[in-house]
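Novice: coords36.cif is the file, holding mmCIF, C-alpha atoms:
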```cif
data_entry
loop_
_atom_site.group_PDB
_atom_site.id
_atom_site.type_symbol
_atom_site.label_atom_id
_atom_site.label_comp_id
_atom_site.auth_asym_id
_atom_site.auth_seq_id
_atom_site.Cartn_x
_atom_site.Cartn_y
_atom_site.Cartn_z
ATOM 1 C CA MET X 336 -45.179 111.581 -8.939
ATOM 2 C CA SER X 337 -44.313 111.123 -5.257
ATOM 3 C CA ASP X 338 -40.903 110.077 -3.952
ATOM 4 C CA ALA X 339 -42.493 106.883 -2.642
ATOM 5 C CA ALA X 340 -43.764 105.985 -6.100
ATOM 6 C CA THR X 341 -40.376 106.563 -7.756
ATOM 7 C CA SER X 342 -38.121 105.009 -5.070
ATOM 8 C CA ARG X 343 -36.001 101.960 -5.862
ATOM 9 C CA LEU X 344 -37.112 98.623 -4.420
ATOM 10 C CA VAL X 345 -34.598 96.161 -3.004
ATOM 11 C CA GLU X 346 -35.779 92.550 -2.780
ATOM 12 C CA HIS X 347 -34.307 89.837 -0.551
ATOM 13 C CA HIS X 348 -35.230 86.183 -0.300
ATOM 14 C CA LEU X 349 -34.781 85.083 3.305
ATOM 15 C CA ARG X 350 -34.662 81.975 5.453
ATOM 16 C CA ILE X 351 -35.857 83.111 8.867
ATOM 17 C CA PRO X 352 -35.133 80.819 11.846
ATOM 18 C CA VAL X 353 -38.136 80.161 14.089
ATOM 19 C CA GLY X 354 -37.516 77.558 16.749
ATOM 20 C CA LYS X 355 -36.210 74.381 15.133
ATOM 21 C CA VAL X 356 -37.251 75.290 11.576
ATOM 22 C CA GLU X 357 -36.575 77.970 8.985
ATOM 23 C CA LEU X 358 -39.321 79.778 7.066
ATOM 24 C CA ASP X 359 -39.083 81.201 3.556
ATOM 25 C CA GLY X 360 -39.750 84.908 3.254
ATOM 26 C CA ASP X 361 -39.594 87.651 0.627
ATOM 27 C CA LEU X 362 -38.514 91.037 1.976
ATOM 28 C CA VAL X 363 -38.977 94.146 -0.153
ATOM 29 C CA LEU X 364 -37.579 97.478 1.014
ATOM 30 C CA PRO X 365 -38.094 100.776 -0.790
ATOM 31 C CA ASP X 366 -35.427 103.446 -0.463
ATOM 32 C CA ARG X 367 -36.062 105.380 2.751
ATOM 33 C CA ALA X 368 -38.837 102.976 3.792
ATOM 34 C CA ARG X 369 -41.427 104.637 6.040
ATOM 35 C CA GLY X 370 -42.638 101.494 7.811
ATOM 36 C CA MET X 371 -42.711 97.687 7.595
ATOM 37 C CA VAL X 372 -45.679 95.330 7.094
ATOM 38 C CA LEU X 373 -45.459 91.616 7.882
ATOM 39 C CA PHE X 374 -48.016 89.488 6.008
ATOM 40 C CA ALA X 375 -49.788 86.472 7.537
ATOM 41 C CA HIS X 376 -51.396 84.440 4.761
ATOM 42 C CA GLY X 377 -54.677 82.600 5.027
ATOM 43 C CA SER X 378 -55.560 78.933 5.197
ATOM 44 C CA GLY X 379 -54.084 76.828 2.413
ATOM 45 C CA SER X 380 -52.112 79.767 1.003
ATOM 46 C CA SER X 381 -48.479 80.923 1.115
ATOM 47 C CA ARG X 382 -46.238 83.928 0.567
ATOM 48 C CA LEU X 383 -46.868 83.392 -3.169
ATOM 49 C CA SER X 384 -50.556 84.304 -2.818
ATOM 50 C CA PRO X 385 -51.297 86.610 -5.784
ATOM 51 C CA ARG X 386 -53.726 88.631 -3.664
ATOM 52 C CA ASN X 387 -51.188 89.311 -0.913
ATOM 53 C CA GLN X 388 -48.499 89.996 -3.496
ATOM 54 C CA TYR X 389 -50.783 92.546 -5.134
ATOM 55 C CA VAL X 390 -51.415 94.335 -1.840
ATOM 56 C CA ALA X 391 -47.717 94.182 -0.952
ATOM 57 C CA GLY X 392 -46.792 95.772 -4.275
ATOM 58 C CA TRP X 393 -49.274 98.567 -3.606
ATOM 59 C CA LEU X 394 -47.732 99.165 -0.183
ATOM 60 C CA ASN X 395 -44.226 99.183 -1.661
ATOM 61 C CA GLU X 396 -45.310 101.956 -4.013
ATOM 62 C CA ARG X 397 -46.411 103.910 -0.943
ATOM 63 C CA GLY X 398 -42.900 103.636 0.507
ATOM 64 C CA LEU X 399 -43.636 100.779 2.907
ATOM 65 C CA GLY X 400 -41.464 97.700 3.286
ATOM 66 C CA THR X 401 -43.125 94.282 3.206
ATOM 67 C CA LEU X 402 -42.263 90.770 4.360
ATOM 68 C CA LEU X 403 -44.339 87.965 2.845
ATOM 69 C CA LEU X 404 -43.635 84.896 4.937
ATOM 70 C CA ASP X 405 -44.529 81.220 4.698
ATOM 71 C CA LEU X 406 -45.777 80.347 8.170
ATOM 72 C CA LEU X 407 -45.327 76.635 7.437
ATOM 73 C CA THR X 408 -42.274 74.803 6.102
ATOM 74 C CA ARG X 409 -42.516 73.021 2.748
ATOM 75 C CA GLN X 410 -42.798 69.674 4.499
ATOM 76 C CA GLU X 411 -45.536 71.020 6.790
ATOM 77 C CA GLU X 412 -47.395 72.424 3.789
ATOM 78 C CA GLN X 413 -47.390 68.991 2.151
ATOM 79 C CA THR X 414 -48.759 67.472 5.361
ATOM 80 C CA ASP X 415 -51.372 70.213 5.622
ATOM 81 C CA ILE X 416 -52.586 69.547 2.073
ATOM 82 C CA ARG X 417 -53.597 66.066 3.283
ATOM 83 C CA THR X 418 -54.816 66.908 6.787
ATOM 84 C CA ALA X 419 -55.737 70.643 6.711
ATOM 85 C CA HIS X 420 -55.017 70.881 10.442
ATOM 86 C CA LEU X 421 -51.920 73.096 10.627
ATOM 87 C CA ARG X 422 -53.618 75.988 8.819
ATOM 88 C CA PHE X 423 -56.071 76.190 11.723
ATOM 89 C CA ASP X 424 -53.421 75.956 14.457
ATOM 90 C CA ILE X 425 -53.618 79.642 15.334
ATOM 91 C CA GLY X 426 -51.263 79.258 18.303
ATOM 92 C CA LEU X 427 -48.548 77.774 16.096
ATOM 93 C CA LEU X 428 -48.982 80.398 13.371
ATOM 94 C CA ALA X 429 -49.067 83.299 15.849
ATOM 95 C CA GLY X 430 -45.953 82.011 17.594
ATOM 96 C CA ARG X 431 -44.060 81.948 14.332
ATOM 97 C CA LEU X 432 -45.318 85.407 13.459
ATOM 98 C CA ILE X 433 -44.004 86.683 16.793
ATOM 99 C CA GLN X 434 -40.596 85.120 16.154
ATOM 100 C CA ALA X 435 -40.473 86.688 12.687
ATOM 101 C CA THR X 436 -41.364 90.010 14.307
ATOM 102 C CA GLU X 437 -38.420 89.635 16.671
ATOM 103 C CA TRP X 438 -36.193 88.917 13.681
ATOM 104 C CA LEU X 439 -37.359 92.138 11.966
ATOM 105 C CA LYS X 440 -36.728 94.117 15.143
ATOM 106 C CA GLN X 441 -33.132 92.899 15.243
ATOM 107 C CA ASP X 442 -32.223 93.022 11.546
ATOM 108 C CA LEU X 443 -30.242 96.160 10.695
ATOM 109 C CA ARG X 444 -32.338 96.787 7.582
ATOM 110 C CA THR X 445 -35.604 96.994 9.498
ATOM 111 C CA THR X 446 -34.823 97.581 13.179
ATOM 112 C CA HIS X 447 -35.667 101.301 12.940
ATOM 113 C CA LEU X 448 -39.051 100.836 11.256
ATOM 114 C CA PHE X 449 -42.488 100.749 12.860
ATOM 115 C CA LEU X 450 -44.120 97.335 12.330
ATOM 116 C CA GLY X 451 -47.621 96.388 11.244
ATOM 117 C CA TYR X 452 -49.461 93.164 10.393
ATOM 118 C CA PHE X 453 -51.583 92.370 7.344
ATOM 119 C CA GLY X 454 -53.555 89.158 7.836
ATOM 120 C CA ALA X 455 -55.889 87.318 5.476
ATOM 121 C CA SER X 456 -58.506 84.722 6.463
ATOM 122 C CA THR X 457 -57.087 82.567 9.291
ATOM 123 C CA GLY X 458 -53.837 84.530 8.997
ATOM 124 C CA ALA X 459 -55.728 87.501 10.381
ATOM 125 C CA ALA X 460 -56.496 85.491 13.537
ATOM 126 C CA ALA X 461 -52.798 84.675 13.897
ATOM 127 C CA ALA X 462 -51.930 88.349 13.389
ATOM 128 C CA LEU X 463 -54.386 89.442 16.076
ATOM 129 C CA VAL X 464 -53.064 86.893 18.587
ATOM 130 C CA ALA X 465 -49.481 87.908 17.827
ATOM 131 C CA ALA X 466 -50.304 91.617 18.099
ATOM 132 C CA ALA X 467 -51.941 91.096 21.488
ATOM 133 C CA GLN X 468 -48.748 89.443 22.731
ATOM 134 C CA CYS X 469 -46.330 91.890 21.089
ATOM 135 C CA GLY X 470 -48.107 94.925 22.546
ATOM 136 C CA PRO X 471 -46.552 98.280 21.574
ATOM 137 C CA ASP X 472 -44.174 96.656 19.072
ATOM 138 C CA ILE X 473 -47.067 96.423 16.602
ATOM 139 C CA LYS X 474 -48.350 99.813 15.494
ATOM 140 C CA ALA X 475 -51.168 98.821 13.096
ATOM 141 C CA ILE X 476 -53.197 95.811 11.948
ATOM 142 C CA VAL X 477 -55.180 95.239 8.755
ATOM 143 C CA SER X 478 -57.365 92.176 8.223
ATOM 144 C CA ARG X 479 -58.658 91.130 4.757
ATOM 145 C CA GLY X 480 -61.592 88.755 4.868
ATOM 146 C CA GLY X 481 -60.304 87.693 8.259
ATOM 147 C CA ARG X 482 -61.479 85.198 10.842
ATOM 148 C CA PRO X 483 -61.104 87.251 14.036
ATOM 149 C CA ASP X 484 -63.537 84.889 15.747
ATOM 150 C CA MET X 485 -60.617 82.447 15.956
ATOM 151 C CA ALA X 486 -58.750 84.968 18.128
ATOM 152 C CA GLN X 487 -61.522 86.055 20.496
ATOM 153 C CA ALA X 488 -59.470 86.120 23.698
ATOM 154 C CA ALA X 489 -56.801 88.222 21.977
ATOM 155 C CA LEU X 490 -59.319 90.801 20.745
ATOM 156 C CA LEU X 491 -59.809 92.091 24.274
ATOM 157 C CA ARG X 492 -56.086 92.955 24.457
ATOM 158 C CA ILE X 493 -55.646 94.643 21.078
ATOM 159 C CA LYS X 494 -54.206 98.151 21.365
ATOM 160 C CA ALA X 495 -52.862 98.773 17.848
ATOM 161 C CA PRO X 496 -55.125 100.629 15.389
ATOM 162 C CA THR X 497 -57.073 97.859 13.665
ATOM 163 C CA LEU X 498 -58.817 97.892 10.275
ATOM 164 C CA LEU X 499 -61.128 95.006 9.333
ATOM 165 C CA ILE X 500 -61.900 94.795 5.594
ATOM 166 C CA VAL X 501 -64.696 92.462 4.478
ATOM 167 C CA GLY X 502 -66.573 91.907 1.235
ATOM 168 C CA GLY X 503 -70.182 93.015 1.282
ATOM 169 C CA ALA X 504 -71.286 89.695 -0.249
ATOM 170 C CA ASP X 505 -69.264 87.645 2.258
ATOM 171 C CA GLN X 506 -72.160 87.606 4.699
ATOM 172 C CA SER X 507 -71.035 85.022 7.253
ATOM 173 C CA VAL X 508 -67.536 86.500 7.573
ATOM 174 C CA LEU X 509 -68.988 90.006 7.679
ATOM 175 C CA GLU X 510 -71.083 89.094 10.707
ATOM 176 C CA LEU X 511 -68.065 87.529 12.434
ATOM 177 C CA ASN X 512 -66.102 90.736 11.863
ATOM 178 C CA ARG X 513 -68.902 92.904 13.232
ATOM 179 C CA GLU X 514 -68.897 90.815 16.402
ATOM 180 C CA ALA X 515 -65.104 91.005 16.609
ATOM 181 C CA LEU X 516 -65.099 94.774 16.206
ATOM 182 C CA ALA X 517 -67.326 95.069 19.258
ATOM 183 C CA LEU X 518 -64.851 93.037 21.341
ATOM 184 C CA ILE X 519 -61.846 95.236 20.546
ATOM 185 C CA PRO X 520 -61.506 97.801 23.358
ATOM 186 C CA GLN X 521 -63.225 101.135 22.806
ATOM 187 C CA ALA X 522 -59.968 102.943 23.547
ATOM 188 C CA THR X 523 -58.403 101.304 20.470
ATOM 189 C CA VAL X 524 -58.686 102.962 17.070
ATOM 190 C CA LYS X 525 -60.754 100.482 15.060
ATOM 191 C CA ARG X 526 -62.818 100.406 11.898
ATOM 192 C CA LEU X 527 -64.803 97.989 9.752
ATOM 193 C CA GLU X 528 -64.679 98.703 6.013
ATOM 194 C CA ILE X 529 -67.104 96.858 3.725
ATOM 195 C CA VAL X 530 -66.219 96.523 0.034
ATOM 196 C CA PRO X 531 -69.623 96.540 -1.740
ATOM 197 C CA GLY X 532 -70.409 93.421 -3.764
ATOM 198 C CA ALA X 533 -67.114 91.689 -2.970
ATOM 199 C CA THR X 534 -66.980 88.020 -2.044
ATOM 200 C CA HIS X 535 -64.441 86.329 0.245
ATOM 201 C CA LEU X 536 -61.482 86.392 -2.172
ATOM 202 C CA PHE X 537 -62.224 89.894 -3.505
ATOM 203 C CA GLU X 538 -62.112 88.600 -7.089
ATOM 204 C CA GLU X 539 -64.620 91.140 -8.397
ATOM 205 C CA GLU X 540 -63.395 93.978 -10.603
ATOM 206 C CA GLY X 541 -61.814 96.720 -8.504
ATOM 207 C CA ALA X 542 -62.361 94.910 -5.179
ATOM 208 C CA LEU X 543 -58.747 94.014 -4.457
ATOM 209 C CA GLU X 544 -57.627 97.457 -5.549
ATOM 210 C CA ARG X 545 -60.014 98.880 -2.970
ATOM 211 C CA VAL X 546 -58.491 96.599 -0.307
ATOM 212 C CA ALA X 547 -54.978 97.724 -1.243
ATOM 213 C CA GLY X 548 -55.973 101.374 -1.105
ATOM 214 C CA LEU X 549 -57.572 101.033 2.312
ATOM 215 C CA ALA X 550 -54.576 99.112 3.669
ATOM 216 C CA GLY X 551 -52.156 101.610 2.170
ATOM 217 C CA ASN X 552 -53.903 104.540 3.792
ATOM 218 C CA TRP X 553 -54.101 102.763 7.169
ATOM 219 C CA PHE X 554 -50.467 101.758 7.288
ATOM 220 C CA SER X 555 -49.268 105.108 5.944
ATOM 221 C CA THR X 556 -51.142 106.808 8.765
ATOM 222 C CA TYR X 557 -49.901 104.640 11.629
ATOM 223 C CA LEU X 558 -46.490 103.339 10.508
ATOM 224 C CA ASP X 559 -44.860 106.408 8.979
ATOM 225 C CA ILE X 560 -41.646 106.973 10.957
ATOM 226 C CA ASN X 561 -41.470 110.486 9.587
ATOM 227 C CA SER X 562 -44.715 111.583 11.219
ATOM 228 C CA GLN X 563 -45.067 109.288 14.257
ATOM 229 C CA SER X 564 -43.178 109.234 17.536
ATOM 230 C CA SER X 565 -42.317 105.985 19.309
ATOM 231 C CA ASP X 566 -43.987 106.868 22.581
#
```
Could you write out this file's structure as structure tokens?

Specialist:
Amino acid sequence: MSDAATSRLVEHHLRIPVGKVELDGDLVLPDRARGMVLFAHGSGSSRLSPRNQYVAGWLNERGLGTLLLDLLTRQEEQTDIRTAHLRFDIGLLAGRLIQATEWLKQDLRTTHLFLGYFGASTGAAAALVAAAQCGPDIKAIVSRGGRPDMAQAALLRIKAPTLLIVGGADQSVLELNREALALIPQATVKRLEIVPGATHLFEEEGALERVAGLAGNWFSTYLDINSQSSD
């Protein structure tokens, strides 16, 4: 068994200040973490999403730290349940993701680690917008069933290696991701991975495990501080 698989995990519940509010987050750090992944959840979801928690656990076993973050406050979530408008405010969500990124860059536990984004559904759009603004601070991006069409202007400025994962049975989202892939600059490392037979939530047997494996390989390649230089 690898060192990553046997390393001890340290969990922290956080309240991260972003502007005038504080957001709840769950930070997990393996011993000798090799990189850090910040999760941006999808519409109507939260840091408690079982799918994101599953992927995060997989990454932790690979020696990667994770931060699952609520991009809305509890009061905002209650409002959004009634109106469903904040979950589609990509500018708001991306701005908060950027502020959380700045927090990770300054915190002594994570300041030395390369950062990546994992975004699901509309959270993927927020991650792409944030990555375009953060530039070299973000070393890798993974999107699961994402809506990159909601971040079209940002796609042209993406420089971090970007992996788009889509279910083969999620036809409308698959087409949106194909179009998005073409907009990401050719000089950027980019890939579209299709999980055969999977629908939007990857609920089919083995589908989410496939997502976690693809994400784990991507982040291990581009975030590992032991094999990458910062230039």

Novice: For the structure shown, which residues end up in the PyMOL selection byres ((chain X and resi 387) around 12)? Put them as a ChimeraX atom specification, please?

Specialist: /X:361,372-377,380-386,388-394,401-405,453-456,458,478-480,536-537,543-544,546-547,550

Novice: Just say which residues the PyMOL selection byres ((chain X and resi 494-502) around 9) picks in this file, as a PyMOL selection string.

Specialist: chain X and resi 451+466-467+470-471+473-481+490-493+503-506+508-509+512-513+516+519-520+522-537+542+546+549-550+553+557

Novice: Those residues you just picked out, can you put them in a file as a PDB file, in the coordinates of the input with C-alpha atoms?

Specialist:
```pdb
ATOM      1  CA  GLY X 451     -47.621  96.388  11.244  1.00  0.00           C
ATOM      2  CA  ALA X 466     -50.304  91.617  18.099  1.00  0.00           C
ATOM      3  CA  ALA X 467     -51.941  91.096  21.488  1.00  0.00           C
ATOM      4  CA  GLY X 470     -48.107  94.925  22.546  1.00  0.00           C
ATOM      5  CA  PRO X 471     -46.552  98.280  21.574  1.00  0.00           C
ATOM      6  CA  ILE X 473     -47.067  96.423  16.602  1.00  0.00           C
ATOM      7  CA  LYS X 474     -48.350  99.813  15.494  1.00  0.00           C
ATOM      8  CA  ALA X 475     -51.168  98.821  13.096  1.00  0.00           C
ATOM      9  CA  ILE X 476     -53.197  95.811  11.948  1.00  0.00           C
ATOM     10  CA  VAL X 477     -55.180  95.239   8.755  1.00  0.00           C
ATOM     11  CA  SER X 478     -57.365  92.176   8.223  1.00  0.00           C
ATOM     12  CA  ARG X 479     -58.658  91.130   4.757  1.00  0.00           C
ATOM     13  CA  GLY X 480     -61.592  88.755   4.868  1.00  0.00           C
ATOM     14  CA  GLY X 481     -60.304  87.693   8.259  1.00  0.00           C
ATOM     15  CA  LEU X 490     -59.319  90.801  20.745  1.00  0.00           C
ATOM     16  CA  LEU X 491     -59.809  92.091  24.274  1.00  0.00           C
ATOM     17  CA  ARG X 492     -56.086  92.955  24.457  1.00  0.00           C
ATOM     18  CA  ILE X 493     -55.646  94.643  21.078  1.00  0.00           C
ATOM     19  CA  GLY X 503     -70.182  93.015   1.282  1.00  0.00           C
ATOM     20  CA  ALA X 504     -71.286  89.695  -0.249  1.00  0.00           C
ATOM     21  CA  ASP X 505     -69.264  87.645   2.258  1.00  0.00           C
ATOM     22  CA  GLN X 506     -72.160  87.606   4.699  1.00  0.00           C
ATOM     23  CA  VAL X 508     -67.536  86.500   7.573  1.00  0.00           C
ATOM     24  CA  LEU X 509     -68.988  90.006   7.679  1.00  0.00           C
ATOM     25  CA  ASN X 512     -66.102  90.736  11.863  1.00  0.00           C
ATOM     26  CA  ARG X 513     -68.902  92.904  13.232  1.00  0.00           C
ATOM     27  CA  LEU X 516     -65.099  94.774  16.206  1.00  0.00           C
ATOM     28  CA  ILE X 519     -61.846  95.236  20.546  1.00  0.00           C
ATOM     29  CA  PRO X 520     -61.506  97.801  23.358  1.00  0.00           C
ATOM     30  CA  ALA X 522     -59.968 102.943  23.547  1.00  0.00           C
ATOM     31  CA  THR X 523     -58.403 101.304  20.470  1.00  0.00           C
ATOM     32  CA  VAL X 524     -58.686 102.962  17.070  1.00  0.00           C
ATOM     33  CA  LYS X 525     -60.754 100.482  15.060  1.00  0.00           C
ATOM     34  CA  ARG X 526     -62.818 100.406  11.898  1.00  0.00           C
ATOM     35  CA  LEU X 527     -64.803  97.989   9.752  1.00  0.00           C
ATOM     36  CA  GLU X 528     -64.679  98.703   6.013  1.00  0.00           C
ATOM     37  CA  ILE X 529     -67.104  96.858   3.725  1.00  0.00           C
ATOM     38  CA  VAL X 530     -66.219  96.523   0.034  1.00  0.00           C
ATOM     39  CA  PRO X 531     -69.623  96.540  -1.740  1.00  0.00           C
ATOM     40  CA  GLY X 532     -70.409  93.421  -3.764  1.00  0.00           C
ATOM     41  CA  ALA X 533     -67.114  91.689  -2.970  1.00  0.00           C
ATOM     42  CA  THR X 534     -66.980  88.020  -2.044  1.00  0.00           C
ATOM     43  CA  HIS X 535     -64.441  86.329   0.245  1.00  0.00           C
ATOM     44  CA  LEU X 536     -61.482  86.392  -2.172  1.00  0.00           C
ATOM     45  CA  PHE X 537     -62.224  89.894  -3.505  1.00  0.00           C
ATOM     46  CA  ALA X 542     -62.361  94.910  -5.179  1.00  0.00           C
ATOM     47  CA  VAL X 546     -58.491  96.599  -0.307  1.00  0.00           C
ATOM     48  CA  LEU X 549     -57.572 101.033   2.312  1.00  0.00           C
ATOM     49  CA  ALA X 550     -54.576  99.112   3.669  1.00  0.00           C
ATOM     50  CA  TRP X 553     -54.101 102.763   7.169  1.00  0.00           C
ATOM     51  CA  TYR X 557     -49.901 104.640  11.629  1.00  0.00           C
TER      52      TYR X 557
END
```

Novice: Can you tell me how far CA of Glu411 (chain X) sits from CA of Phe423 (chain X), in Å to one decimal?

Specialist: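 Computing it gives 12.7 Å between the two atoms.
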
Novice: Ranking X:Lys355, X:Arg444, X:Arg343, X:Arg397 by minimum distance to Arg431 (chain X) and counting all atoms listed in the file, which one comes first?

Specialist: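 Looking only at the distances to Arg431 (chain X), the closest residue turns out to be X:Lys355.
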
Novice: Just to confirm, what's the straight-line distance from CA of Pro365 (chain X) to CA of Leu344 (chain X) in Å (one decimal)?

Specialist: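 These two atoms are separated by 4.3 Å.
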
Novice: Please list as a PyMOL selection string every residue within 8 Å of region 485-487 of chain X, counting only C-alpha atoms and excluding residues in the same chain fewer than 5 positions away.

Specialist: chain X and resi 425+457+460-461+463-464+515+518

Novice: Can you list, as a PyMOL selection string, every protein, DNA or RNA residue that comes within 6 Å of Arg350 (chain X) when you count all atoms listed in the file, leaving out same-chain residues fewer than 3 positions away?

Specialist: chain X and resi 357-359

Novice: Report, in Å with one decimal, the straight-line distance from CA of Asp366 (chain X) to CA of Trp438 (chain X).

Specialist: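 The value is 20.3 Å.
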
Novice: For Leu362 (chain X), which residue out of X:Ile433, X:Phe449, X:Ser555, X:Asp442 is the nearest one, using all atoms listed in the file?

Specialist: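 The shortest atom-to-atom distance to Leu362 (chain X) comes from X:Asp442.
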
Novice: Measuring atom to atom with only C-alpha atoms, identify which of X:Leu439, X:Leu511, X:Cys469, X:Leu428 is nearest to Arg482 (chain X).

Specialist: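 Looking only at the distances to Arg482 (chain X), the closest residue turns out to be X:Leu511.
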
Novice: Write a file for region 515-528 of chain X, containing N, CA and C atoms (output as a short mmCIF file (atom, residue, chain, number, x, y, z; two decimals), in the first residue's frame).

Specialist:
```
data_model
loop_
_atom_site.label_atom_id
_atom_site.label_comp_id
_atom_site.auth_asym_id
_atom_site.auth_seq_id
_atom_site.Cartn_x
_atom_site.Cartn_y
_atom_site.Cartn_z
N ALA X 515 -17.46 23.74 -25.43
CA ALA X 515 -16.57 24.45 -24.51
C ALA X 515 -15.12 24.04 -24.72
N LEU X 516 -14.90 22.77 -24.94
CA LEU X 516 -13.54 22.27 -25.14
C LEU X 516 -12.88 22.99 -26.32
N ALA X 517 -13.67 23.23 -27.36
CA ALA X 517 -13.13 23.89 -28.55
C ALA X 517 -12.76 25.35 -28.27
N LEU X 518 -13.38 25.97 -27.28
CA LEU X 518 -13.10 27.37 -26.97
C LEU X 518 -11.86 27.54 -26.09
N ILE X 519 -11.50 26.51 -25.34
CA ILE X 519 -10.29 26.60 -24.51
C ILE X 519 -9.08 26.65 -25.43
N PRO X 520 -8.15 27.56 -25.18
CA PRO X 520 -7.01 27.73 -26.11
C PRO X 520 -6.27 26.43 -26.40
N GLN X 521 -5.81 26.30 -27.64
CA GLN X 521 -5.10 25.09 -28.05
C GLN X 521 -3.81 24.89 -27.26
N ALA X 522 -3.22 25.97 -26.78
CA ALA X 522 -1.98 25.85 -26.01
C ALA X 522 -2.20 25.26 -24.62
N THR X 523 -3.46 25.19 -24.19
CA THR X 523 -3.80 24.66 -22.87
C THR X 523 -3.98 23.15 -22.94
N VAL X 524 -3.44 22.44 -21.98
CA VAL X 524 -3.71 21.00 -21.88
C VAL X 524 -5.18 20.83 -21.55
N LYS X 525 -5.90 20.08 -22.36
CA LYS X 525 -7.35 19.93 -22.15
C LYS X 525 -7.80 18.57 -22.65
N ARG X 526 -8.87 18.06 -22.02
CA ARG X 526 -9.36 16.74 -22.41
C ARG X 526 -10.83 16.62 -22.03
N LEU X 527 -11.58 15.92 -22.87
CA LEU X 527 -12.96 15.56 -22.56
C LEU X 527 -13.01 14.06 -22.35
N GLU X 528 -13.46 13.64 -21.17
CA GLU X 528 -13.62 12.22 -20.86
C GLU X 528 -15.10 11.90 -20.73
#
```
